[in-house]
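Below: one structure, written as structure tokens.
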Amino acid sequence: MSPRGAEAAPDAAAVPGLGPASPRPLFGGCWSCRLLSGAGLLMAAVWVYQGPRNVMKKGTPPSMGAIAQITFAAGLAGWAIVILADPVGRWQRREP
């Protein structure tokens, strides 16, 4: 509930330029920041994936922990690709 008198009058004119601010990208749209973060996450995914991969190369069947590690590595890799691709920053709304 808003305080008394906080509502705008029905005949009040809207002030131009004071609309809601557009959201800033998570990494500020900085290409080098996105590249560094994305590459770091991708390398972390490779490092996490190497543990169970080396065990499975020896012929040992994967355990539940190894499967969880591989799933986590896939999640890290997906996050890295999203940061590198920046799909939200490229999307522009078309005005009719």
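The way I read the labels, and the way they are meant: chains A, B, ... in the order of the structure tokens, residue 1 as the first residue of every chain, and ligand 1 as the first ligand shown, with later ones counted on from there.
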Contacts of region 36-38 of chain A within 7 Å, only C-alpha atoms, excl. fewer than 5 positions in-chain, as a ChimeraX atom specification: /A:80-81,83-84
Exercise: Gln69 (chain A) partners within 7 Å, only C-alpha atoms, chain neighbours under 4 positions left out, as a PDB file with C-alpha atoms, in the first residue's frame:
ATOM      1  CA  VAL A  48      36.334 -30.882 -13.781  1.00  0.00           C
ATOM      2  CA  TYR A  49      35.602 -33.262 -16.684  1.00  0.00           C
ATOM      3  CA  GLY A  65      29.992 -39.277  -8.266  1.00  0.00           C
ATOM      4  CA  ALA A  73      31.199 -29.937 -16.034  1.00  0.00           C
TER       5      ALA A  73
END
Just give me the gap between CA of Leu41 (chain A) and CA of Gly59 (chain A) in Å, one decimal is fine.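 About the pair CA of Leu41 (chain A) and CA of Gly59 (chain A): they are 28.4 Å apart.
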Can you work out the spacing between CA of Arg34 (chain A) and CA of Trp47 (chain A) in Å, to one decimal?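 So the answer is 19.7 Å.
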Do a neighbour search on Leu42 (chain A) at 6 Å with only C-alpha atoms, toss out local chain neighbours closer than 3 positions, and write the hits as a ChimeraX atom specification. /A:39,45,77,80
Straight-line distance linking CA of Ile70 (chain A) with CA of Pro52 (chain A), stated in Å to one decimal: 7.1 Å
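Using only C-alpha atoms for every distance, the candidate list A:Pro61, A:Leu35, A:Ala44, A:Gln50 yields A:Leu35 as the residue closest to Val82 (chain A).
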